[in-house]
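Here's run.tsv, which has TSV, C-alpha atoms and all ligand atoms:
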```tsv
chain	number	residue	atom	x	y	z
A	1	MET	CA	0.00	0.00	0.00
A	2	SER	CA	1.20	3.53	-0.64
A	3	ALA	CA	1.37	6.21	2.05
A	4	PRO	CA	-2.04	7.73	2.85
A	5	THR	CA	-0.97	11.16	1.56
A	6	ALA	CA	0.17	9.87	-1.85
A	7	PRO	CA	-2.45	9.61	-4.57
A	8	ASN	CA	-3.24	5.96	-5.13
A	9	PRO	CA	-5.32	6.13	-8.28
A	10	THR	CA	-7.07	3.00	-9.37
A	11	ALA	CA	-8.58	2.45	-12.77
A	12	ALA	CA	-11.98	2.15	-11.13
A	13	GLY	CA	-11.45	5.46	-9.30
A	14	SER	CA	-10.52	7.67	-12.25
A	15	GLY	CA	-12.77	5.66	-14.56
A	16	ARG	CA	-15.80	6.29	-12.38
A	17	ASN	CA	-15.01	10.01	-12.24
A	18	ALA	CA	-14.51	10.27	-15.99
A	19	THR	CA	-17.74	8.38	-16.68
A	20	GLU	CA	-19.73	10.58	-14.24
A	21	ARG	CA	-18.26	13.71	-15.80
A	22	PHE	CA	-19.21	12.60	-19.27
A	23	ALA	CA	-22.75	11.74	-18.20
A	24	GLN	CA	-23.14	15.31	-16.85
A	25	LYS	CA	-21.88	16.79	-20.13
A	26	GLN	CA	-24.52	15.01	-22.23
A	27	ARG	CA	-27.51	17.30	-22.80
A	28	SER	CA	-30.76	16.35	-24.56
A	29	ALA	CA	-30.04	13.99	-27.41
A	30	ALA	CA	-29.93	15.56	-30.87
A	31	GLU	CA	-32.53	14.58	-33.51
A	32	VAL	CA	-31.75	11.16	-34.91
A	33	ASP	CA	-30.92	11.05	-38.62
A	34	HIS	CA	-31.90	7.42	-39.27
A	35	ALA	CA	-30.18	7.24	-42.66
A	36	ARG	CA	-26.87	8.40	-41.19
A	37	VAL	CA	-27.11	6.07	-38.18
A	38	SER	CA	-27.87	3.18	-40.54
A	39	ALA	CA	-24.99	3.99	-42.90
A	40	ILE	CA	-22.42	4.41	-40.12
A	41	ALA	CA	-23.58	1.42	-38.05
A	42	THR	CA	-23.75	-0.82	-41.13
A	43	ASP	CA	-20.22	0.09	-42.20
A	44	ALA	CA	-18.83	-0.20	-38.65
A	45	LEU	CA	-20.33	-3.68	-38.26
A	46	SER	CA	-19.14	-4.74	-41.72
A	47	ALA	CA	-15.60	-3.63	-40.87
A	48	LEU	CA	-15.75	-5.80	-37.73
A	49	HIS	CA	-17.16	-8.78	-39.67
A	50	GLU	CA	-14.23	-8.49	-42.07
A	51	VAL	CA	-11.74	-8.53	-39.17
A	52	ILE	CA	-13.36	-11.73	-37.84
A	53	ARG	CA	-13.05	-13.42	-41.24
A	54	GLU	CA	-9.52	-12.17	-41.86
A	55	HIS	CA	-8.24	-13.37	-38.47
A	56	GLN	CA	-10.48	-16.46	-38.23
A	57	VAL	CA	-11.63	-15.32	-34.78
A	58	THR	CA	-12.60	-18.29	-32.55
A	59	TYR	CA	-15.44	-18.67	-30.01
A	60	ASP	CA	-12.87	-18.45	-27.18
A	61	GLU	CA	-11.72	-15.11	-28.54
A	62	TYR	CA	-15.31	-13.95	-29.04
A	63	ASP	CA	-16.09	-14.78	-25.40
A	64	ALA	CA	-12.90	-13.03	-24.25
A	65	LEU	CA	-14.08	-9.94	-26.14
A	66	LYS	CA	-17.54	-10.10	-24.52
A	67	ALA	CA	-16.01	-10.41	-21.04
A	68	TRP	CA	-13.63	-7.53	-21.75
A	69	LEU	CA	-16.35	-5.21	-23.09
A	70	ILE	CA	-18.47	-5.89	-20.00
A	71	ARG	CA	-15.47	-5.07	-17.81
A	72	VAL	CA	-14.76	-1.77	-19.60
A	73	GLY	CA	-18.21	-0.59	-18.50
A	74	GLU	CA	-17.78	-1.89	-14.95
A	75	ASP	CA	-14.45	-0.04	-14.68
A	76	GLY	CA	-15.98	3.15	-16.07
A	77	GLU	CA	-13.26	3.11	-18.71
A	78	TRP	CA	-15.35	3.80	-21.82
A	79	PRO	CA	-14.27	7.48	-21.87
A	80	LEU	CA	-10.64	6.43	-21.49
A	81	PHE	CA	-10.84	3.69	-24.12
A	82	LEU	CA	-12.61	5.88	-26.68
A	83	ASP	CA	-10.38	8.93	-26.17
A	84	VAL	CA	-7.16	6.90	-26.31
A	85	TRP	CA	-7.91	4.73	-29.34
A	86	ILE	CA	-10.69	6.43	-31.34
A	87	GLU	CA	-10.88	10.18	-30.70
A	88	HIS	CA	-7.80	11.12	-32.74
A	89	VAL	CA	-9.58	10.21	-35.98
A	90	VAL	CA	-12.75	12.11	-34.98
A	91	GLU	CA	-10.54	15.14	-34.30
A	92	GLU	CA	-8.77	14.71	-37.64
A	93	VAL	CA	-12.11	14.76	-39.46
A	94	ALA	CA	-13.59	17.61	-37.38
A	95	ASN	CA	-10.62	19.95	-37.82
A	96	ALA	CA	-9.55	19.03	-41.36
A	97	SER	CA	-10.42	22.42	-42.86
A	98	ARG	CA	-9.06	24.69	-40.13
A	99	GLU	CA	-6.44	27.27	-41.09
A	100	GLY	CA	-5.47	28.44	-37.60
A	101	THR	CA	-3.86	26.60	-34.71
A	102	THR	CA	-3.70	22.83	-35.11
A	103	GLY	CA	-6.08	20.86	-32.90
A	104	SER	CA	-5.71	17.63	-30.98
A	105	ILE	CA	-7.94	15.41	-28.83
A	106	GLU	CA	-9.69	16.56	-25.64
A	107	GLY	CA	-9.21	13.32	-23.71
A	108	PRO	CA	-11.24	12.24	-20.67
A	109	TYR	CA	-10.03	14.75	-18.05
A	110	TYR	CA	-11.42	18.16	-19.09
A	111	ILE	CA	-13.64	20.01	-16.62
A	112	PRO	CA	-15.35	23.27	-17.65
A	113	GLY	CA	-15.48	26.24	-15.32
A	114	SER	CA	-11.91	26.38	-13.99
A	115	PRO	CA	-10.85	29.48	-11.97
A	116	GLU	CA	-10.60	32.53	-14.21
A	117	PHE	CA	-7.81	35.13	-14.35
A	118	ARG	CA	-6.81	38.06	-16.56
A	119	SER	CA	-3.63	38.24	-18.70
A	120	GLU	CA	-1.18	36.60	-16.25
A	121	ALA	CA	-1.70	34.07	-13.50
A	122	THR	CA	-0.23	31.23	-11.50
A	123	LEU	CA	-2.33	28.09	-11.93
A	124	PRO	CA	-3.94	26.85	-8.71
A	125	MET	CA	-1.37	24.51	-7.18
A	126	ARG	CA	-0.28	23.03	-3.87
A	127	GLU	CA	2.21	24.94	-1.74
A	128	ASP	CA	4.78	22.21	-2.30
A	129	GLU	CA	3.78	21.41	-5.89
A	130	LYS	CA	6.50	19.22	-7.40
A	131	GLY	CA	8.04	19.85	-10.79
A	132	THR	CA	10.08	22.29	-12.85
A	133	PRO	CA	8.55	25.79	-12.73
A	134	PHE	CA	7.25	26.54	-16.20
A	135	LEU	CA	6.07	29.79	-17.79
A	136	PHE	CA	3.70	29.18	-20.69
A	137	GLN	CA	2.83	32.37	-22.55
A	138	GLY	CA	1.67	33.67	-25.89
A	139	THR	CA	-0.83	35.69	-27.87
A	140	VAL	CA	-4.25	34.83	-29.26
A	141	THR	CA	-4.87	36.30	-32.71
A	142	ASP	CA	-7.24	35.95	-35.64
A	143	LEU	CA	-6.04	34.42	-38.92
A	144	GLU	CA	-4.64	37.81	-39.97
A	145	GLY	CA	-2.50	38.00	-36.84
A	146	GLU	CA	-4.61	40.69	-35.13
A	147	PRO	CA	-4.51	40.21	-31.33
A	148	ILE	CA	-7.85	39.25	-29.75
A	149	GLU	CA	-8.78	40.82	-26.42
A	150	ASP	CA	-10.87	38.79	-23.97
A	151	ALA	CA	-10.11	35.47	-25.64
A	152	ARG	CA	-10.42	32.56	-23.21
A	153	VAL	CA	-7.40	30.30	-22.80
A	154	GLU	CA	-8.22	27.25	-20.69
A	155	LEU	CA	-5.28	25.14	-19.55
A	156	TRP	CA	-5.35	21.82	-17.68
A	157	HIS	CA	-2.61	19.29	-17.20
A	158	ALA	CA	-1.30	16.44	-15.05
A	159	ASP	CA	1.03	17.07	-12.12
A	160	ALA	CA	4.69	16.02	-11.91
A	161	ASP	CA	3.53	12.49	-11.02
A	162	GLY	CA	1.22	12.26	-14.04
A	163	TYR	CA	-2.08	12.65	-12.15
A	164	TYR	CA	-5.05	14.93	-12.87
A	165	SER	CA	-6.99	16.77	-10.15
A	166	GLN	CA	-10.62	15.68	-9.75
A	167	PHE	CA	-9.80	12.26	-11.25
A	168	ALA	CA	-6.96	10.95	-9.09
A	169	PRO	CA	-7.63	11.05	-5.34
A	170	GLY	CA	-5.94	13.36	-2.85
A	171	ILE	CA	-5.35	16.34	-5.16
A	172	PRO	CA	-7.10	19.68	-4.42
A	173	GLU	CA	-10.01	20.64	-6.69
A	174	TRP	CA	-8.83	22.73	-9.70
A	175	ASN	CA	-5.17	21.89	-9.07
A	176	LEU	CA	-3.27	22.75	-12.28
A	177	ARG	CA	-6.45	23.94	-14.03
A	178	GLY	CA	-7.20	27.54	-14.93
A	179	THR	CA	-8.59	29.98	-17.49
A	180	ILE	CA	-6.99	33.26	-18.58
A	181	ARG	CA	-8.86	35.99	-20.42
A	182	THR	CA	-6.41	37.81	-22.66
A	183	GLY	CA	-5.73	41.50	-22.20
A	184	PRO	CA	-6.01	44.18	-24.95
A	185	ASP	CA	-2.76	42.89	-26.51
A	186	GLY	CA	-4.20	39.35	-26.79
A	187	ARG	CA	-1.55	38.07	-24.43
A	188	PHE	CA	-1.73	35.37	-21.75
A	189	ALA	CA	0.90	34.01	-19.34
A	190	PHE	CA	0.47	30.95	-17.12
A	191	HIS	CA	2.94	30.16	-14.36
A	192	THR	CA	2.78	26.43	-13.73
A	193	VAL	CA	5.01	23.35	-13.46
A	194	ARG	CA	5.98	20.87	-16.17
A	195	PRO	CA	3.66	17.85	-16.22
A	196	ALA	CA	4.94	14.26	-16.28
A	197	PRO	CA	4.08	11.68	-18.94
A	198	TYR	CA	0.70	9.99	-18.39
A	199	GLN	CA	0.37	6.25	-17.89
A	200	ILE	CA	-2.93	4.51	-18.69
A	201	PRO	CA	-3.97	2.80	-15.40
A	202	THR	CA	-2.53	-0.72	-15.48
A	203	ASP	CA	-5.15	-2.26	-13.15
A	204	GLY	CA	-8.20	-1.69	-15.37
A	205	SER	CA	-9.59	-3.05	-18.61
A	206	CYS	CA	-7.61	-0.66	-20.84
A	207	GLY	CA	-4.45	-1.73	-18.99
A	208	ALA	CA	-5.47	-5.37	-19.48
A	209	LEU	CA	-5.80	-4.83	-23.25
A	210	ILE	CA	-2.39	-3.11	-23.36
A	211	ALA	CA	-0.74	-5.93	-21.38
A	212	ALA	CA	-2.44	-8.67	-23.42
A	213	ALA	CA	-1.32	-7.07	-26.68
A	214	GLY	CA	2.18	-6.26	-25.42
A	215	TRP	CA	1.78	-2.53	-26.11
A	216	HIS	CA	3.02	0.30	-23.86
A	217	PRO	CA	0.65	2.42	-21.69
A	218	TRP	CA	2.23	5.88	-22.11
A	219	ARG	CA	1.21	9.29	-23.37
A	220	PRO	CA	4.00	11.88	-23.58
A	221	ALA	CA	3.89	14.79	-21.10
A	222	HIS	CA	1.35	17.29	-22.41
A	223	LEU	CA	-0.61	20.48	-21.80
A	224	HIS	CA	-4.33	20.49	-22.65
A	225	LEU	CA	-5.86	23.70	-24.03
A	226	LYS	CA	-9.14	25.13	-25.18
A	227	VAL	CA	-8.89	28.56	-26.76
A	228	SER	CA	-11.95	30.55	-27.83
A	229	ALA	CA	-13.27	34.06	-28.48
A	230	PRO	CA	-16.57	35.60	-29.61
A	231	GLY	CA	-17.06	35.11	-33.35
A	232	LYS	CA	-14.28	32.52	-33.53
A	233	GLN	CA	-14.20	28.73	-33.55
A	234	LEU	CA	-13.10	27.16	-30.29
A	235	ILE	CA	-9.96	25.07	-30.72
A	236	THR	CA	-9.16	22.12	-28.45
A	237	THR	CA	-5.54	21.06	-28.59
A	238	GLN	CA	-2.52	19.69	-26.73
A	239	LEU	CA	1.12	20.71	-26.59
A	240	TYR	CA	4.09	18.41	-26.04
A	241	PHE	CA	7.76	18.80	-25.10
A	242	GLU	CA	10.59	18.24	-27.54
A	243	GLY	CA	12.65	15.18	-26.64
A	244	GLY	CA	10.11	14.01	-24.05
A	245	SER	CA	9.54	10.27	-23.69
A	246	HIS	CA	6.85	8.85	-25.95
A	247	VAL	CA	6.52	11.98	-28.10
A	248	GLU	CA	7.27	9.63	-30.99
A	249	ASP	CA	4.92	6.82	-29.90
A	250	ASP	CA	1.95	8.30	-28.03
A	251	VAL	CA	-0.52	5.50	-27.19
A	252	ALA	CA	-3.32	7.96	-28.11
A	253	GLN	CA	-1.70	8.96	-31.46
A	254	ALA	CA	-2.41	12.61	-30.73
A	255	VAL	CA	1.01	14.23	-31.32
A	256	LYS	CA	1.52	16.47	-34.36
A	257	PRO	CA	4.79	18.23	-35.30
A	258	GLU	CA	3.26	21.74	-34.92
A	259	LEU	CA	2.32	20.93	-31.33
A	260	ILE	CA	5.82	20.33	-29.96
A	261	LEU	CA	7.21	22.99	-27.61
A	262	ARG	CA	10.89	23.83	-27.22
A	263	PRO	CA	11.18	25.46	-23.78
A	264	THR	CA	14.28	27.45	-22.84
A	265	PRO	CA	15.70	28.43	-19.42
A	266	ALA	CA	13.41	31.11	-17.98
A	267	ALA	CA	14.54	34.76	-18.14
A	268	SER	CA	13.64	34.94	-14.42
A	269	GLY	CA	16.37	32.41	-13.70
A	270	THR	CA	13.94	29.80	-12.29
A	271	GLY	CA	12.68	26.94	-14.39
A	272	GLU	CA	11.74	27.12	-18.06
A	273	GLU	CA	9.59	29.19	-20.36
A	274	VAL	CA	8.08	28.94	-23.79
A	275	THR	CA	5.94	31.11	-26.06
A	276	TYR	CA	3.15	29.59	-28.17
A	277	ASP	CA	0.70	31.72	-30.16
A	278	PHE	CA	-2.83	30.66	-31.07
A	279	ALA	CA	-4.63	31.74	-34.26
A	280	LEU	CA	-8.41	31.26	-34.24
A	281	ASP	CA	-10.51	30.50	-37.33
A	282	PRO	CA	-13.66	32.57	-37.82
A	283	ALA	CA	-16.84	30.88	-36.62
A	301	LIG	C1	-4.94	11.62	-20.94
A	301	LIG	O1	-4.32	12.47	-20.10
A	301	LIG	C2	-5.26	12.06	-22.17
A	301	LIG	O2	-4.93	13.31	-22.46
A	301	LIG	C3	-5.89	11.22	-23.08
A	301	LIG	C4	-6.20	11.71	-24.42
A	301	LIG	C5	-6.20	9.95	-22.74
A	301	LIG	C6	-5.89	9.49	-21.49
A	301	LIG	C7	-5.26	10.32	-20.60
A	302	FE	FE	-4.15	14.33	-20.76
```
Show me, as structure tokens, the structure contained in the file I just sent.
Amino acid sequence: MSAPTAPNPTAAGSGRNATERFAQKQRSAAEVDHARVSAIATDALSALHEVIREHQVTYDEYDALKAWLIRVGEDGEWPLFLDVWIEHVVEEVANASREGTTGSIEGPYYIPGSPEFRSEATLPMREDEKGTPFLFQGTVTDLEGEPIEDARVELWHADADGYYSQFAPGIPEWNLRGTIRTGPDGRFAFHTVRPAPYQIPTDGSCGALIAAAGWHPWRPAHLHLKVSAPGKQLITTQLYFEGGSHVEDDVAQAVKPELILRPTPAASGTGEEVTYDFALDPA
């Protein structure tokens, strides 16, 4: 057992939280377009039928699949499973025609309504928050490079142990989560700490799939962002660190070359800093 003060996240713990969060996010269901449901469901099932034929899937394997799918639900790991192995293609399709900042997946650990600041702020963190101090700053502009005042820059990320507040236990609410509204010059500056790589929980169903397949459970260290402004399209993205482990083989396949940061020693003399500018497409 770990010490009582250390977070001891279990798959069931963060899975339950992620599943509850997602259930709250779902509003009234949109109108059903039967033709589109039929086309997509038919093609999805056909693709699966083809895999069964191609690999001559046995009844033992079919039963193992059934048992595993049941367990994903029991663990609350559907949000994790979908966001790790499926969302990157949904994001690719959704953002294909954007001209501004490149997007990436949202993942299962976003929470709206984080504490709001103006222009420059230190993210909510513990007094003894571990990790390299890190200044993340930049400007929000339109596609012509004009600064946007009052743009919202929402930032959330894991701590130096790779855990997210409100999903892993023992971390204060809103830890390492915050929103900055840009000033008249479109600028924002977050003082935070560098996050650690994220490991998919090994004790749940997603971990069981990874172990059974002999894959690795890692996402590279990353910052999550949502940037928006009136009259502009909201962009959801992630930023990574050059040379960080698993930047080249993210289990969630969500790294893109334009999203890799190259921090330098901070001008203040403590920690590191980097500038990243966001350009928003018109709505
Ligand atoms: C994460 O932190 C994440 O960003 C994604 C996409 C999936 C699992 C954990
Ligand atoms: Fe993440």
Using all atoms listed in the file, which of A:Ala160, A:Ala212, A:Ala30, A:Leu239 sits nearest Pro195 (chain A)? A:Ala160
Test item: residues lying within 10 Å of ligand FE 302 (chain A) with all atoms listed in the file, as a list in words: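 Written in the requested form, the residues are Asp83, Val84, Ile105, Glu106, Gly107, Pro108, Tyr109, Tyr110, Trp156, His157, Ala158, Gly162, Tyr163, Tyr164, Pro195, Pro197, Tyr198, Gln199, Arg219, Pro220, Ala221, His222, Leu223, His224, Gln238 and Ala252 of chain A.
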Selected residue of minimal separation from Glu91 (chain A) among A:Lys130, A:Ser104, A:Gln56, A:Val140, counting only C-alpha atoms: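 Smallest separation from Glu91 (chain A) among the options: A:Ser104.
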Write out as a PyMOL selection string which residues come within 12 Å of Ile210 (chain A) when counting all atoms listed in the file, dropping same-chain ones fewer than 2 positions away. chain A and resi 81+84-85+199-208+212-218+251
Which centre and which edge lengths, in Å to one decimal, describe the axis-aligned box that holds all listed atoms of ligand LIG 301 (chain A) after 6 Å is added on each side, as lines of an AutoDock Vina configuration file?
```
center_x = -5.3
center_y = 11.4
center_z = -22.3
size_x = 13.9
size_y = 15.8
size_z = 16.3
```
Which residues are near Ala283 (chain A)? Cut-off 12 Å, all atoms listed in the file, ignore same chain within fewer than 3 positions. Put them as a list in words. Arg98, Glu99, Gly100, Asp142, Leu143, Ser228, Ala229, Pro230, Gly231, Lys232, Gln233, Leu234, Ile235 and Leu280 of chain A
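From CA of Ser114 (chain A) back to CA of Thr179 (chain A), the distance works out to 6.0 Å.
Between CA of Gly15 (chain A) and CA of Gly76 (chain A) lies a distance of 4.3 Å.
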Measuring atom to atom with only C-alpha atoms and all ligand atoms, identify which of A:Glu92, A:Glu87, A:Glu61, A:Asp249 is nearest to ligand LIG 301 (chain A).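 Among the listed residues, the smallest separation from ligand LIG 301 (chain A) belongs to A:Glu87.
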Rounded to one decimal, what separation in Å do you get between CA of Ala18 (chain A) and CA of Leu209 (chain A)?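 That distance, rounded to one decimal, is 18.9 Å.
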Find the residue from A:Asp159, A:Pro115, A:Arg262, A:Asp43 that sits nearest to ligand LIG 301 (chain A); use all atoms listed in the file when measuring.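 The answer is A:Asp159, which sits nearest to ligand LIG 301 (chain A).
Across A:Ile148, A:Tyr276, A:Val227, A:Glu20, the tightest approach to Gln166 (chain A) is made by A:Glu20 when counting only C-alpha atoms.
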From A:Glu154, A:Glu258, A:Glu77, A:Glu146, residue lying nearest ligand LIG 301 (chain A) [all atoms listed in the file]: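 Nearest to ligand LIG 301 (chain A): A:Glu77.
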Pick out the residues sitting within 12 Å of Ala266 (chain A), and hand them over as a PyMOL selection string; count all atoms listed in the file, and ignore anything fewer than 4 positions along from it in its own chain. chain A and resi 132-137+191+270-275
Within 9 Å of (-0.6, 17.2, -37.0), only C-alpha atoms: residues as a count of residues only? 10
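Look at everything within 8 Å of (-6.0, 28.2, -11.8) using all atoms listed in the file, and the residues you get are Ser114, Pro115, Glu116, Phe117, Ala121, Thr122, Leu123, Pro124, Met125, Trp174, Asn175, Leu176, Arg177, Gly178 and Thr179 of chain A.
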Please reconstruct the missing atoms of region 255-282 of chain A (target: N, CA and C atoms) and return them as a short mmCIF file (atom, residue, chain, number, x, y, z; two decimals), in the frame of the given file.
```
data_model
loop_
_atom_site.label_atom_id
_atom_site.label_comp_id
_atom_site.auth_asym_id
_atom_site.auth_seq_id
_atom_site.Cartn_x
_atom_site.Cartn_y
_atom_site.Cartn_z
N VAL A 255 -0.08 13.27 -31.15
CA VAL A 255 1.01 14.23 -31.32
C VAL A 255 1.09 14.66 -32.78
N LYS A 256 1.29 15.96 -33.01
CA LYS A 256 1.52 16.47 -34.36
C LYS A 256 2.74 17.39 -34.29
N PRO A 257 3.53 17.46 -35.37
CA PRO A 257 4.79 18.23 -35.30
C PRO A 257 4.59 19.68 -34.86
N GLU A 258 3.48 20.32 -35.28
CA GLU A 258 3.26 21.74 -34.92
C GLU A 258 2.96 21.92 -33.44
N LEU A 259 2.75 20.82 -32.73
CA LEU A 259 2.32 20.93 -31.33
C LEU A 259 3.45 20.65 -30.34
N ILE A 260 4.69 20.65 -30.84
CA ILE A 260 5.82 20.33 -29.96
C ILE A 260 6.53 21.61 -29.51
N LEU A 261 6.57 21.81 -28.19
CA LEU A 261 7.21 22.99 -27.61
C LEU A 261 8.70 22.76 -27.41
N ARG A 262 9.45 23.86 -27.51
CA ARG A 262 10.89 23.83 -27.22
C ARG A 262 11.20 24.85 -26.14
N PRO A 263 10.95 24.50 -24.87
CA PRO A 263 11.18 25.46 -23.78
C PRO A 263 12.67 25.81 -23.65
N THR A 264 12.92 27.00 -23.11
CA THR A 264 14.28 27.45 -22.84
C THR A 264 14.36 27.84 -21.37
N PRO A 265 15.58 27.97 -20.82
CA PRO A 265 15.70 28.43 -19.42
C PRO A 265 14.97 29.76 -19.26
N ALA A 266 14.23 29.91 -18.17
CA ALA A 266 13.41 31.11 -17.98
C ALA A 266 14.29 32.35 -17.77
N ALA A 267 13.83 33.49 -18.31
CA ALA A 267 14.54 34.76 -18.14
C ALA A 267 14.64 35.11 -16.65
N SER A 268 13.65 34.67 -15.86
CA SER A 268 13.64 34.94 -14.42
C SER A 268 14.74 34.19 -13.69
N GLY A 269 15.33 33.19 -14.34
CA GLY A 269 16.37 32.41 -13.70
C GLY A 269 15.85 31.14 -13.04
N THR A 270 14.52 31.01 -12.90
CA THR A 270 13.94 29.80 -12.29
C THR A 270 13.12 29.04 -13.31
N GLY A 271 13.50 27.80 -13.55
CA GLY A 271 12.68 26.94 -14.39
C GLY A 271 12.81 27.26 -15.87
N GLU A 272 11.72 27.01 -16.60
CA GLU A 272 11.74 27.12 -18.06
C GLU A 272 10.58 27.97 -18.55
N GLU A 273 10.69 28.42 -19.78
CA GLU A 273 9.59 29.19 -20.36
C GLU A 273 9.47 28.88 -21.85
N VAL A 274 8.29 29.12 -22.37
CA VAL A 274 8.08 28.94 -23.79
C VAL A 274 6.93 29.84 -24.24
N THR A 275 7.01 30.28 -25.49
CA THR A 275 5.94 31.11 -26.06
C THR A 275 5.25 30.31 -27.17
N TYR A 276 3.92 30.28 -27.13
CA TYR A 276 3.15 29.59 -28.17
C TYR A 276 1.95 30.46 -28.49
N ASP A 277 1.80 30.85 -29.75
CA ASP A 277 0.70 31.72 -30.16
C ASP A 277 -0.42 30.92 -30.80
N PHE A 278 -1.65 31.34 -30.52
CA PHE A 278 -2.83 30.66 -31.07
C PHE A 278 -3.51 31.56 -32.10
N ALA A 279 -3.86 31.01 -33.25
CA ALA A 279 -4.63 31.74 -34.26
C ALA A 279 -5.99 31.05 -34.40
N LEU A 280 -7.07 31.83 -34.24
CA LEU A 280 -8.41 31.26 -34.24
C LEU A 280 -9.09 31.47 -35.60
N ASP A 281 -9.70 30.42 -36.10
CA ASP A 281 -10.51 30.50 -37.33
C ASP A 281 -11.82 31.23 -37.03
N PRO A 282 -12.36 31.95 -38.03
CA PRO A 282 -13.66 32.57 -37.82
C PRO A 282 -14.73 31.50 -37.63
#
```
